[in-house]
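Dumped target.cif below, it's mmCIF, C-alpha atoms:
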data_final
#
loop_
_atom_site.group_PDB
_atom_site.id
_atom_site.type_symbol
_atom_site.label_atom_id
_atom_site.label_comp_id
_atom_site.auth_asym_id
_atom_site.auth_seq_id
_atom_site.Cartn_x
_atom_site.Cartn_y
_atom_site.Cartn_z
ATOM 1 C CA MET A 228 -142.820 -12.086 42.365
ATOM 2 C CA ASN A 229 -144.882 -15.188 41.638
ATOM 3 C CA GLU A 230 -143.425 -18.204 39.901
ATOM 4 C CA GLN A 231 -143.421 -17.468 36.198
ATOM 5 C CA SER A 232 -142.691 -19.123 32.891
ATOM 6 C CA GLN A 233 -139.342 -18.412 31.247
ATOM 7 C CA LYS A 234 -140.948 -16.211 28.593
ATOM 8 C CA GLU A 235 -142.238 -13.836 31.256
ATOM 9 C CA VAL A 236 -138.835 -13.143 32.768
ATOM 10 C CA GLU A 237 -137.573 -9.719 31.642
ATOM 11 C CA LEU A 238 -134.871 -9.137 34.262
ATOM 12 C CA VAL A 239 -132.312 -11.514 35.732
ATOM 13 C CA ALA A 240 -130.342 -10.459 38.807
ATOM 14 C CA ILE A 241 -126.732 -11.669 38.808
ATOM 15 C CA ILE A 242 -125.024 -12.223 42.175
ATOM 16 C CA ASN A 243 -121.408 -13.265 42.767
ATOM 17 C CA SER A 244 -121.068 -15.052 46.108
ATOM 18 C CA PHE A 245 -117.794 -15.716 47.891
ATOM 19 C CA ASN A 246 -117.496 -15.942 51.684
ATOM 20 C CA ARG A 247 -119.668 -13.042 52.824
ATOM 21 C CA ARG A 248 -122.569 -14.970 54.333
ATOM 22 C CA SER A 249 -124.194 -12.208 56.404
ATOM 23 C CA LEU A 250 -124.003 -9.674 53.586
ATOM 24 C CA LEU A 251 -125.365 -12.228 51.130
ATOM 25 C CA GLN A 252 -128.405 -12.911 53.285
ATOM 26 C CA ALA A 253 -129.252 -9.217 53.601
ATOM 27 C CA ALA A 254 -128.662 -8.637 49.890
ATOM 28 C CA ILE A 255 -130.925 -11.483 48.752
ATOM 29 C CA THR A 256 -133.606 -10.695 51.320
ATOM 30 C CA SER A 257 -133.875 -7.056 50.240
ATOM 31 C CA LEU A 258 -133.670 -7.957 46.548
ATOM 32 C CA THR A 259 -136.454 -10.526 46.658
ATOM 33 C CA GLU A 260 -138.672 -8.306 48.804
ATOM 34 C CA SER A 261 -138.281 -5.571 46.191
ATOM 35 C CA LEU A 262 -138.847 -7.895 43.239
ATOM 36 C CA HIS A 263 -142.057 -9.182 44.824
ATOM 37 C CA LYS A 264 -143.488 -5.712 44.132
ATOM 38 C CA ALA A 265 -142.234 -5.481 40.542
ATOM 39 C CA SER A 266 -144.449 -5.144 37.498
ATOM 40 C CA PHE A 267 -141.998 -7.230 35.445
ATOM 41 C CA GLY A 268 -141.052 -10.895 35.605
ATOM 42 C CA SER A 269 -137.677 -11.681 37.155
ATOM 43 C CA ALA A 270 -135.232 -14.379 38.158
ATOM 44 C CA ILE A 271 -131.997 -14.570 40.144
ATOM 45 C CA ILE A 272 -128.795 -16.424 39.294
ATOM 46 C CA VAL A 273 -126.175 -16.806 42.025
ATOM 47 C CA PHE A 274 -122.643 -17.711 40.994
ATOM 48 C CA GLU A 275 -121.114 -19.587 43.925
ATOM 49 C CA ALA A 276 -117.343 -19.166 43.699
ATOM 50 C CA GLY A 277 -116.383 -21.758 46.321
ATOM 51 C CA SER A 278 -117.468 -20.265 49.642
ATOM 52 C CA ASN A 279 -116.723 -22.179 52.848
ATOM 53 C CA ASP A 280 -118.520 -19.890 55.325
ATOM 54 C CA GLY A 281 -122.059 -21.212 54.855
ATOM 55 C CA SER A 282 -122.922 -18.997 51.884
ATOM 56 C CA ALA A 283 -123.402 -21.936 49.521
ATOM 57 C CA GLU A 284 -125.681 -23.744 51.968
ATOM 58 C CA PHE A 285 -127.681 -20.554 52.524
ATOM 59 C CA VAL A 286 -128.483 -19.988 48.844
ATOM 60 C CA GLN A 287 -129.310 -23.657 48.330
ATOM 61 C CA GLN A 288 -131.735 -23.520 51.248
ATOM 62 C CA TRP A 289 -133.251 -20.294 49.925
ATOM 63 C CA GLN A 290 -133.730 -21.897 46.526
ATOM 64 C CA GLN A 291 -135.587 -24.831 48.075
ATOM 65 C CA GLN A 292 -137.758 -22.747 50.394
ATOM 66 C CA ASN A 293 -138.625 -19.958 47.927
ATOM 67 C CA PRO A 294 -139.295 -21.523 44.520
ATOM 68 C CA GLY A 295 -141.317 -18.484 43.423
ATOM 69 C CA ASP A 296 -138.153 -16.374 43.448
ATOM 70 C CA ASN A 297 -136.790 -18.249 40.405
ATOM 71 C CA LEU A 298 -133.391 -18.447 42.089
ATOM 72 C CA THR A 299 -130.776 -20.656 40.462
ATOM 73 C CA VAL A 300 -127.311 -21.468 41.791
ATOM 74 C CA ILE A 301 -124.404 -22.243 39.496
ATOM 75 C CA GLU A 302 -121.066 -23.404 40.873
ATOM 76 C CA ALA A 303 -117.688 -22.252 39.637
ATOM 77 C CA PRO A 304 -115.899 -24.798 37.454
ATOM 78 C CA PRO A 305 -112.235 -25.490 38.272
ATOM 79 C CA GLY A 306 -110.012 -22.533 37.454
ATOM 80 C CA ARG A 307 -112.878 -20.194 36.583
ATOM 81 C CA SER A 308 -113.979 -18.684 39.871
ATOM 82 C CA SER A 309 -112.891 -15.050 39.475
ATOM 83 C CA PHE A 310 -115.317 -12.159 39.791
ATOM 84 C CA ALA A 311 -115.361 -11.540 36.033
ATOM 85 C CA ASP A 312 -115.742 -15.262 35.296
ATOM 86 C CA GLY A 313 -118.704 -15.396 37.643
ATOM 87 C CA VAL A 314 -120.511 -12.475 36.043
ATOM 88 C CA ASN A 315 -119.893 -13.830 32.546
ATOM 89 C CA GLN A 316 -121.064 -17.341 33.375
ATOM 90 C CA ALA A 317 -124.156 -16.136 35.220
ATOM 91 C CA CYS A 318 -125.097 -13.786 32.372
ATOM 92 C CA ALA A 319 -124.624 -16.588 29.849
ATOM 93 C CA ALA A 320 -126.874 -18.810 31.962
ATOM 94 C CA ALA A 321 -129.470 -16.036 32.122
ATOM 95 C CA SER A 322 -129.540 -15.691 28.346
ATOM 96 C CA ALA A 323 -129.793 -19.457 27.873
ATOM 97 C CA ARG A 324 -132.515 -20.050 30.474
ATOM 98 C CA TYR A 325 -134.540 -16.916 29.832
ATOM 99 C CA PRO A 326 -134.318 -16.150 26.100
ATOM 100 C CA ASP A 327 -136.700 -13.189 26.358
ATOM 101 C CA CYS A 328 -134.727 -11.544 29.172
ATOM 102 C CA ARG A 329 -133.878 -7.937 28.289
ATOM 103 C CA TRP A 330 -132.079 -6.748 31.424
ATOM 104 C CA LEU A 331 -129.168 -8.100 33.471
ATOM 105 C CA PHE A 332 -128.994 -6.668 36.981
ATOM 106 C CA LEU A 333 -125.429 -6.907 38.315
ATOM 107 C CA TYR A 334 -125.982 -6.982 42.054
ATOM 108 C CA GLU A 335 -123.299 -7.661 44.655
ATOM 109 C CA THR A 336 -123.399 -9.057 48.159
ATOM 110 C CA ASP A 337 -122.711 -5.607 49.640
ATOM 111 C CA ASN A 338 -125.775 -4.125 47.924
ATOM 112 C CA TYR A 339 -129.192 -3.605 49.457
ATOM 113 C CA LEU A 340 -132.450 -2.446 47.834
ATOM 114 C CA ASN A 341 -134.972 -0.565 49.940
ATOM 115 C CA ASP A 342 -137.603 -0.575 47.194
ATOM 116 C CA VAL A 343 -138.252 -1.734 43.628
ATOM 117 C CA ASP A 344 -138.646 1.870 42.431
ATOM 118 C CA PRO A 345 -134.993 2.254 41.312
ATOM 119 C CA LEU A 346 -135.287 -0.815 39.098
ATOM 120 C CA GLU A 347 -138.595 0.322 37.622
ATOM 121 C CA LYS A 348 -137.031 3.684 36.790
ATOM 122 C CA ALA A 349 -133.894 2.083 35.380
ATOM 123 C CA ILE A 350 -135.904 -0.078 32.996
ATOM 124 C CA THR A 351 -137.988 2.912 31.931
ATOM 125 C CA LEU A 352 -134.835 4.948 31.273
ATOM 126 C CA LEU A 353 -133.116 2.233 29.237
ATOM 127 C CA LYS A 354 -136.240 1.785 27.145
ATOM 128 C CA ARG A 355 -136.411 5.540 26.552
ATOM 129 C CA GLU A 356 -132.690 6.060 25.812
ATOM 130 C CA PRO A 357 -131.503 3.435 23.287
ATOM 131 C CA LYS A 358 -127.848 4.542 23.430
ATOM 132 C CA LEU A 359 -127.498 3.650 27.103
ATOM 133 C CA ALA A 360 -125.733 0.340 27.707
ATOM 134 C CA ALA A 361 -126.445 0.416 31.424
ATOM 135 C CA THR A 362 -127.496 2.549 34.334
ATOM 136 C CA GLY A 363 -126.456 2.574 37.951
ATOM 137 C CA PHE A 364 -127.693 4.600 40.893
ATOM 138 C CA THR A 365 -126.493 7.141 43.398
ATOM 139 C CA VAL A 366 -125.703 4.838 46.310
ATOM 140 C CA LYS A 367 -125.356 5.269 50.063
ATOM 141 C CA HIS A 368 -124.026 3.443 53.078
ATOM 142 C CA HIS A 369 -126.576 2.094 55.523
ATOM 143 C CA ASP A 370 -125.993 5.162 57.698
ATOM 144 C CA GLY A 371 -127.032 7.461 54.845
ATOM 145 C CA GLU A 372 -123.543 8.606 53.825
ATOM 146 C CA PHE A 373 -123.160 8.909 50.060
ATOM 147 C CA PHE A 374 -120.772 6.484 48.358
ATOM 148 C CA GLY A 375 -119.042 6.737 44.988
ATOM 149 C CA TYR A 376 -121.003 5.423 42.012
ATOM 150 C CA GLY A 377 -118.565 5.974 39.162
ATOM 151 C CA MET A 378 -115.568 7.776 37.710
ATOM 152 C CA SER A 379 -114.100 9.213 34.544
ATOM 153 C CA PHE A 380 -111.858 7.085 32.350
ATOM 154 C CA PRO A 381 -108.537 7.045 34.274
ATOM 155 C CA SER A 382 -105.530 8.929 32.956
ATOM 156 C CA THR A 383 -101.911 7.827 32.916
ATOM 157 C CA LEU A 384 -100.979 10.742 35.188
ATOM 158 C CA SER A 385 -103.507 9.735 37.857
ATOM 159 C CA PHE A 386 -102.023 6.242 37.886
ATOM 160 C CA GLY A 387 -98.497 7.562 38.180
ATOM 161 C CA LEU A 388 -99.389 9.799 41.110
ATOM 162 C CA GLY A 389 -101.172 7.032 43.018
ATOM 163 C CA GLN A 390 -104.724 6.635 44.238
ATOM 164 C CA SER A 391 -104.493 8.889 47.291
ATOM 165 C CA ILE A 392 -102.969 11.900 45.540
ATOM 166 C CA ALA A 393 -105.149 11.458 42.447
ATOM 167 C CA ALA A 394 -108.274 11.287 44.601
ATOM 168 C CA HIS A 395 -107.182 14.377 46.566
ATOM 169 C CA LEU A 396 -106.780 16.263 43.277
ATOM 170 C CA GLY A 397 -110.192 15.097 42.071
ATOM 171 C CA MET A 398 -108.718 13.172 39.158
ATOM 172 C CA HIS A 399 -111.038 10.201 39.700
ATOM 173 C CA ALA A 400 -114.215 12.264 40.002
ATOM 174 C CA PRO A 401 -117.026 11.278 37.629
ATOM 175 C CA ASN A 402 -117.153 13.444 34.500
ATOM 176 C CA ASN A 403 -120.890 13.836 34.887
ATOM 177 C CA SER A 404 -123.146 15.454 32.352
ATOM 178 C CA GLY A 405 -125.759 17.832 33.683
ATOM 179 C CA TRP A 406 -128.740 16.286 35.409
ATOM 180 C CA GLN A 407 -131.662 15.545 33.098
ATOM 181 C CA ALA A 408 -135.266 14.853 34.060
ATOM 182 C CA SER A 409 -137.525 12.614 32.010
ATOM 183 C CA ASP A 410 -140.584 10.561 32.982
ATOM 184 C CA GLY A 411 -140.006 11.570 36.592
ATOM 185 C CA ILE A 412 -136.454 10.179 36.493
ATOM 186 C CA ARG A 413 -133.444 12.340 37.373
ATOM 187 C CA TRP A 414 -130.367 11.024 35.611
ATOM 188 C CA ARG A 415 -127.024 11.905 34.056
ATOM 189 C CA THR A 416 -124.289 10.215 32.028
ATOM 190 C CA CYS A 417 -120.808 9.307 33.247
ATOM 191 C CA ASP A 418 -117.837 7.480 31.670
ATOM 192 C CA ILE A 419 -117.865 4.606 34.147
ATOM 193 C CA VAL A 420 -120.616 3.518 36.525
ATOM 194 C CA PHE A 421 -119.590 0.756 38.902
ATOM 195 C CA THR A 422 -121.287 -2.647 38.926
ATOM 196 C CA SER A 423 -122.636 -2.316 42.421
ATOM 197 C CA PRO A 424 -125.406 -2.435 41.374
ATOM 198 C CA LEU A 425 -125.850 -1.864 37.636
ATOM 199 C CA LEU A 426 -128.753 -2.596 35.291
ATOM 200 C CA VAL A 427 -127.338 -3.696 31.934
ATOM 201 C CA ARG A 428 -129.036 -3.873 28.566
ATOM 202 C CA ARG A 429 -128.603 -7.443 27.363
ATOM 203 C CA GLU A 430 -127.986 -6.275 23.785
ATOM 204 C CA ALA A 431 -125.030 -4.134 24.905
ATOM 205 C CA TRP A 432 -123.642 -6.937 27.070
ATOM 206 C CA GLU A 433 -123.703 -9.412 24.218
ATOM 207 C CA GLN A 434 -122.341 -6.962 21.637
ATOM 208 C CA SER A 435 -119.415 -6.102 23.915
ATOM 209 C CA GLY A 436 -118.713 -9.714 24.823
ATOM 210 C CA GLY A 437 -119.113 -9.064 28.539
ATOM 211 C CA PHE A 438 -116.133 -8.838 30.872
ATOM 212 C CA ASP A 439 -112.654 -9.775 29.688
ATOM 213 C CA ALA A 440 -112.063 -12.356 32.400
ATOM 214 C CA ASN A 441 -108.647 -13.367 31.077
ATOM 215 C CA ALA A 442 -107.187 -9.857 31.193
ATOM 216 C CA PHE A 443 -109.189 -8.498 34.150
ATOM 217 C CA PRO A 444 -110.356 -11.319 36.420
ATOM 218 C CA PHE A 445 -111.011 -8.987 39.369
ATOM 219 C CA SER A 446 -110.218 -5.284 39.586
ATOM 220 C CA ASP A 447 -110.895 -2.976 36.639
ATOM 221 C CA SER A 448 -113.117 -5.520 34.883
ATOM 222 C CA ASP A 449 -115.970 -3.005 34.960
ATOM 223 C CA LEU A 450 -113.724 -0.134 33.850
ATOM 224 C CA ASP A 451 -112.499 -2.085 30.838
ATOM 225 C CA TRP A 452 -116.070 -3.077 29.956
ATOM 226 C CA ALA A 453 -117.317 0.516 30.130
ATOM 227 C CA TRP A 454 -114.407 1.686 27.982
ATOM 228 C CA ARG A 455 -115.059 -0.973 25.340
ATOM 229 C CA CYS A 456 -118.764 -0.111 25.341
ATOM 230 C CA ALA A 457 -117.910 3.551 24.769
ATOM 231 C CA LYS A 458 -115.814 2.590 21.749
ATOM 232 C CA LEU A 459 -118.879 0.779 20.399
ATOM 233 C CA GLY A 460 -120.957 3.947 20.795
ATOM 234 C CA TRP A 461 -122.728 3.128 24.066
ATOM 235 C CA GLN A 462 -123.059 5.388 27.109
ATOM 236 C CA MET A 463 -123.453 4.776 30.849
ATOM 237 C CA ALA A 464 -125.946 6.554 33.095
ATOM 238 C CA VAL A 465 -126.646 7.017 36.775
ATOM 239 C CA ILE A 466 -130.080 7.608 38.315
ATOM 240 C CA ALA A 467 -130.580 9.741 41.411
ATOM 241 C CA SER A 468 -132.013 7.473 44.102
ATOM 242 C CA ASP A 469 -132.305 7.233 47.873
ATOM 243 C CA HIS A 470 -133.172 3.526 47.875
ATOM 244 C CA VAL A 471 -129.927 1.787 46.859
ATOM 245 C CA VAL A 472 -127.159 0.824 49.291
ATOM 246 C CA HIS A 473 -123.534 -0.109 48.635
ATOM 247 C CA ASP A 474 -121.917 -0.935 51.966
ATOM 248 C CA ASN A 475 -119.688 -3.885 52.827
ATOM 249 C CA LEU A 476 -119.888 -3.080 56.557
ATOM 250 C CA ALA A 477 -116.097 -3.495 56.720
ATOM 251 C CA GLN A 478 -116.344 -7.121 55.546
ATOM 252 C CA LEU A 479 -113.712 -7.388 52.836
ATOM 253 C CA SER A 480 -113.993 -10.278 50.429
ATOM 254 C CA ALA A 481 -111.267 -12.895 50.276
ATOM 255 C CA TRP A 482 -110.933 -11.702 46.678
ATOM 256 C CA SER A 483 -109.384 -8.543 48.198
ATOM 257 C CA ALA A 484 -106.367 -10.277 49.726
ATOM 258 C CA ASN A 485 -103.945 -9.000 47.060
ATOM 259 C CA ARG A 486 -105.845 -5.821 46.259
ATOM 260 C CA ALA A 487 -102.854 -3.443 46.024
ATOM 261 C CA LEU A 488 -100.799 -5.558 43.639
ATOM 262 C CA ASP A 489 -103.853 -6.597 41.618
ATOM 263 C CA PHE A 490 -104.892 -2.962 41.268
ATOM 264 C CA HIS A 491 -101.516 -1.901 39.882
ATOM 265 C CA ARG A 492 -101.212 -4.887 37.556
ATOM 266 C CA ASN A 493 -104.694 -4.426 36.138
ATOM 267 C CA ARG A 494 -104.635 -0.619 35.966
ATOM 268 C CA PHE A 495 -101.342 -0.780 34.053
ATOM 269 C CA LYS A 496 -102.879 -3.295 31.657
ATOM 270 C CA LEU A 497 -106.065 -1.217 31.335
ATOM 271 C CA LEU A 498 -104.157 1.942 30.448
ATOM 272 C CA GLN A 499 -101.957 0.132 27.953
ATOM 273 C CA ARG A 500 -105.064 -1.197 26.229
ATOM 274 C CA HIS A 501 -107.010 2.056 26.120
ATOM 275 C CA ARG A 502 -104.399 4.840 26.370
ATOM 276 C CA GLY A 503 -101.563 3.257 24.418
ATOM 277 C CA LYS A 504 -98.215 1.515 24.828
ATOM 278 C CA HIS A 505 -96.570 4.769 25.946
ATOM 279 C CA VAL A 506 -97.886 3.950 29.433
ATOM 280 C CA ALA A 507 -94.695 1.892 29.833
ATOM 281 C CA LEU A 508 -92.832 5.211 30.144
ATOM 282 C CA LEU A 509 -94.448 5.582 33.579
ATOM 283 C CA LYS A 510 -92.389 2.771 35.094
ATOM 284 C CA PRO A 511 -89.599 4.976 36.526
ATOM 285 C CA MET A 512 -92.230 7.243 38.107
ATOM 286 C CA LEU A 513 -94.070 4.240 39.526
ATOM 287 C CA PHE A 514 -90.829 2.785 40.903
ATOM 288 C CA ALA A 515 -90.021 6.106 42.573
ATOM 289 C CA ARG A 516 -93.490 6.266 44.133
ATOM 290 C CA HIS A 517 -93.292 2.716 45.473
ATOM 291 C CA PHE A 518 -89.802 3.448 46.873
ATOM 292 C CA ALA A 519 -91.046 6.570 48.668
ATOM 293 C CA GLU A 520 -94.046 4.658 50.038
ATOM 294 C CA ALA A 521 -91.760 1.857 51.224
ATOM 295 C CA MET A 522 -89.491 4.307 53.053
ATOM 296 C CA ILE A 523 -92.453 5.850 54.866
ATOM 297 C CA LEU A 524 -93.836 2.448 55.820
ATOM 298 C CA ALA A 525 -90.434 1.170 56.943
ATOM 299 C CA GLY A 526 -90.390 3.772 59.684
ATOM 300 C CA LYS A 527 -93.696 2.493 61.029
ATOM 301 C CA SER A 528 -93.361 -1.242 60.436
ATOM 302 C CA ALA A 529 -91.520 -2.079 63.665
ATOM 303 C CA THR A 530 -94.528 -1.178 65.819
ATOM 304 C CA ASP A 531 -97.405 -1.419 63.344
ATOM 305 C CA PRO A 532 -98.307 -4.874 61.912
ATOM 306 C CA ILE A 533 -100.534 -3.301 59.245
ATOM 307 C CA ALA A 534 -97.714 -1.029 58.092
ATOM 308 C CA ASN A 535 -95.415 -4.057 57.990
ATOM 309 C CA GLU A 536 -97.874 -5.894 55.756
ATOM 310 C CA LYS A 537 -98.173 -2.880 53.457
ATOM 311 C CA LEU A 538 -94.387 -2.620 53.336
ATOM 312 C CA ALA A 539 -94.172 -6.206 52.089
ATOM 313 C CA LYS A 540 -96.616 -5.345 49.306
ATOM 314 C CA ARG A 541 -94.570 -2.281 48.303
ATOM 315 C CA LYS A 542 -91.404 -4.381 48.158
ATOM 316 C CA GLN A 543 -93.221 -6.810 45.901
ATOM 317 C CA MET A 544 -94.308 -3.970 43.621
ATOM 318 C CA LEU A 545 -90.755 -2.605 43.520
ATOM 319 C CA ARG A 546 -89.607 -6.009 42.241
ATOM 320 C CA THR A 547 -92.375 -6.436 39.677
ATOM 321 C CA VAL A 548 -93.083 -2.950 38.308
ATOM 322 C CA TRP A 549 -90.500 -3.369 35.540
ATOM 323 C CA ASN A 550 -92.332 -6.493 34.353
ATOM 324 C CA ASN A 551 -95.822 -4.942 34.341
ATOM 325 C CA TYR A 552 -96.390 -6.099 37.955
ATOM 326 C CA SER A 553 -96.278 -9.753 36.923
#

Would you put the structure from the file into structure tokens?
Amino acid sequence: MNEQSQKEVELVAIINSFNRRSLLQAAITSLTESLHKASFGSAIIVFEAGSNDGSAEFVQQWQQQNPGDNLTVIEAPPGRSSFADGVNQACAAASARYPDCRWLFLYETDNYLNDVDPLEKAITLLKREPKLAATGFTVKHHDGEFFGYGMSFPSTLSFGLGQSIAAHLGMHAPNNSGWQASDGIRWRTCDIVFTSPLLVRREAWEQSGGFDANAFPFSDSDLDWAWRCAKLGWQMAVIASDHVVHDNLAQLSAWSANRALDFHRNRFKLLQRHRGKHVALLKPMLFARHFAEAMILAGKSATDPIANEKLAKRKQMLRTVWNNYS
């Protein structure tokens, strides 16, 4: 990827960075190596959410040493450093700096590209299928194990039962269409394709208004976006690929510190928005589930620090479930 004028940039990669320095380095290295081979012009915008582990210094150094990569760093303004805020601000910067950009590539620090081929195919597919808002990829861990790429729109029952039981019953499985083959690309549609990574049509992003950062600052921001896109008539796709990795190597983000409570708060809000206000009728079922989970954890907490921490979270959810987990 040689240094290019703004008019030549067709794709802008969007990266949210927060305290995962080693993953960030691998992600940017593989991304830029792949983009060097691309037939399209590209740029990268990194949203730095306030890292203190050397991530910010790393991207600044990369920007200085590799000007041909068109990498720009934007820093989170006070009070607007959530995941959804970062994606929205970086996408807005992409549209402003590169007015002819057609594609926004949502790429996370736990992603890794082995080749530019998936991106070339994704662009070809989106050009060929005008109803597709975005396409993701079948992803793997670094060891070759397949990882989930998407899911069906969640039901109220799956939420009431809890993630483990719902997953065991296959209630979160993607509602895939049959595989299609066109222009040498094997692809299918699915309700929700996760943003890790995801190539987004700029037109669909702007029509939908991007992520709702106020309602869904972290978890379920991509689910809400996919649902709103579907209501506008858009579809999501996934491309079969062996060259895309989604693997955090057991390095959880600091954004994950309150994952359990955040998940329940946001999933409740998501279902109320898209399934209806009757979701409130689930509260007794949710309370009963949290109580049962707390009883199980209480028996382990005396000798297991992790169980003790989980027990504290369940107690918090027991207190807040009646107020929508707030």

Quick one: distance from atom CA of A:Ser435 to atom CA of A:Ala349 in Å, one decimal?
20.2 Å

Determine, counting all atoms listed in the file, every residue of protein, DNA or RNA that lies within 10 Å of (-124.1, 13.8, 34.6) in the file coordinates, then give the result as a ChimeraX atom specification.
/A:401-407,413-418,463-466

Selection file, C-alpha atoms, as a PDB file, keeping the file's coordinate frame:
ATOM      1  CA  PRO A 401    -117.026  11.278  37.629  1.00  0.00           C
ATOM      2  CA  ASN A 402    -117.153  13.444  34.500  1.00  0.00           C
ATOM      3  CA  ASN A 403    -120.890  13.836  34.887  1.00  0.00           C
ATOM      4  CA  SER A 404    -123.146  15.454  32.352  1.00  0.00           C
ATOM      5  CA  GLY A 405    -125.759  17.832  33.683  1.00  0.00           C
ATOM      6  CA  TRP A 406    -128.740  16.286  35.409  1.00  0.00           C
ATOM      7  CA  GLN A 407    -131.662  15.545  33.098  1.00  0.00           C
ATOM      8  CA  ARG A 413    -133.444  12.340  37.373  1.00  0.00           C
ATOM      9  CA  TRP A 414    -130.367  11.024  35.611  1.00  0.00           C
ATOM     10  CA  ARG A 415    -127.024  11.905  34.056  1.00  0.00           C
ATOM     11  CA  THR A 416    -124.289  10.215  32.028  1.00  0.00           C
ATOM     12  CA  CYS A 417    -120.808   9.307  33.247  1.00  0.00           C
ATOM     13  CA  ASP A 418    -117.837   7.480  31.670  1.00  0.00           C
ATOM     14  CA  MET A 463    -123.453   4.776  30.849  1.00  0.00           C
ATOM     15  CA  ALA A 464    -125.946   6.554  33.095  1.00  0.00           C
ATOM     16  CA  VAL A 465    -126.646   7.017  36.775  1.00  0.00           C
ATOM     17  CA  ILE A 466    -130.080   7.608  38.315  1.00  0.00           C
TER      18      ILE A 466
END

Selection in question (the file shown): the PyMOL selection byres ((chain A and resi 317) around 12). Which residues does it include, as a VMD selection string?
chain A and resid 239 to 244 270 to 276 298 to 303 308 310 to 316 318 to 325 331 to 334 437 to 438

Pick the closest to A:Trp454 from A:Ile350, A:Ile523, A:Leu340, A:Met378: which is it, counting all atoms listed in the file?
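Of A:Ile350, A:Ile523, A:Leu340, A:Met378, the one nearest A:Trp454, counting all atoms listed in the file, is A:Met378.
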
Applied to this file, what does the PyMOL selection byres ((chain A and resi 374) around 9) return in terms of residues, put as a CSV table (one decimal) with C-alpha atoms, in the coordinates of the input?
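Saved file selection.csv follows:
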chain,number,residue,atom,x,y,z
A,365,THR,CA,-126.5,7.1,43.4
A,366,VAL,CA,-125.7,4.8,46.3
A,367,LYS,CA,-125.4,5.3,50.1
A,368,HIS,CA,-124.0,3.4,53.1
A,372,GLU,CA,-123.5,8.6,53.8
A,373,PHE,CA,-123.2,8.9,50.1
A,375,GLY,CA,-119.0,6.7,45.0
A,376,TYR,CA,-121.0,5.4,42.0
A,472,VAL,CA,-127.2,0.8,49.3
A,473,HIS,CA,-123.5,-0.1,48.6
A,474,ASP,CA,-121.9,-0.9,52.0

Ref. answer, residues at most 9 Å from (-101.2, 3.0, 30.7) with all atoms listed in the file, as a ChimeraX atom specification
/A:382-384,386,494-509

Neighbouring residues of A:Gly389 were defined as those with any atom within 10 Å, considering all atoms listed in the file; residues of the same chain fewer than 2 positions away were excluded. Please report them as a PyMOL selection string.
chain A and resi 384-387+391-394+491+513+516-517

Would you please work out which residue, of A:Asn441, A:Asp447, A:Pro357, A:Asp489, is nearest to A:Phe421 when using only C-alpha atoms?
A:Asp447

Show me, as a list in words, the residues that have an atom within 7 Å of A:Val427 when counting all atoms listed in the file, minus same-chain residues fewer than 4 positions from it.
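The filter keeps Trp330, Leu331, Phe332, Ala360, Ala361, Thr362 and Trp432 of chain A.
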
Write a file of the just-selected residues containing C-alpha atoms, as a PDB file, keeping the file's coordinate frame.
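Output file result_27.pdb is given in full below:
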ATOM      1  CA  TRP A 330    -132.079  -6.748  31.424  1.00  0.00           C
ATOM      2  CA  LEU A 331    -129.168  -8.100  33.471  1.00  0.00           C
ATOM      3  CA  PHE A 332    -128.994  -6.668  36.981  1.00  0.00           C
ATOM      4  CA  ALA A 360    -125.733   0.340  27.707  1.00  0.00           C
ATOM      5  CA  ALA A 361    -126.445   0.416  31.424  1.00  0.00           C
ATOM      6  CA  THR A 362    -127.496   2.549  34.334  1.00  0.00           C
ATOM      7  CA  TRP A 432    -123.642  -6.937  27.070  1.00  0.00           C
TER       8      TRP A 432
END

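Distances here use all atoms listed in the file; by that measure, the residue among A:Val236, A:Ser446, A:Ala253, A:Ile419 closest to A:Ser266 is A:Val236.
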
Minimum-distance residue to A:Ala477, chosen among A:His369, A:Lys348, A:Arg492, A:Arg546 (using only C-alpha atoms)
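The answer is A:His369, which sits nearest to A:Ala477.
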
So how far away is atom CA of A:Glu335 from atom CA of A:Ile533, in Å?
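Those two atoms sit 27.4 Å apart.
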
What separation in Å, quoted to one decimal, exists between atom CA of A:Glu356 and atom CA of A:Val471?
21.7 Å

Around all listed atoms of stretch 515-533 of chain A, padded 8 Å per side, what centre and edge lengths does the axis-aligned box have in Å to one decimal, as JSON?
{"center_x": -95.0, "center_y": 0.8, "center_z": 54.2, "size_x": 27.0, "size_y": 27.4, "size_z": 39.2}

May I have the residues within 12 Å of A:Met522 as a PyMOL selection string, using only C-alpha atoms and disregarding those fewer than 4 positions away in the same chain?
chain A and resi 515-518+526-528+534-535+537-539+541-542+545

Nearest to A:Asn246, restricted to all atoms listed in the file and choosing among A:Asn551, A:Gln478, A:Lys358, A:Gly460, comes out as A:Gln478

Looking at A:Arg455, A:Lys264, A:Arg428, A:Arg248, which one is nearest to A:Phe380, with distances taken over all atoms listed in the file?
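Going through A:Arg455, A:Lys264, A:Arg428, A:Arg248 one by one, the smallest distance to A:Phe380 is for A:Arg455.
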
On this structure, the PyMOL selection byres ((chain A and resi 341) around 10) would catch which residues? List them as number ranges by chain, sorted by chain and number.
A: 257-258, 260-261, 339-340, 342-345, 469-472
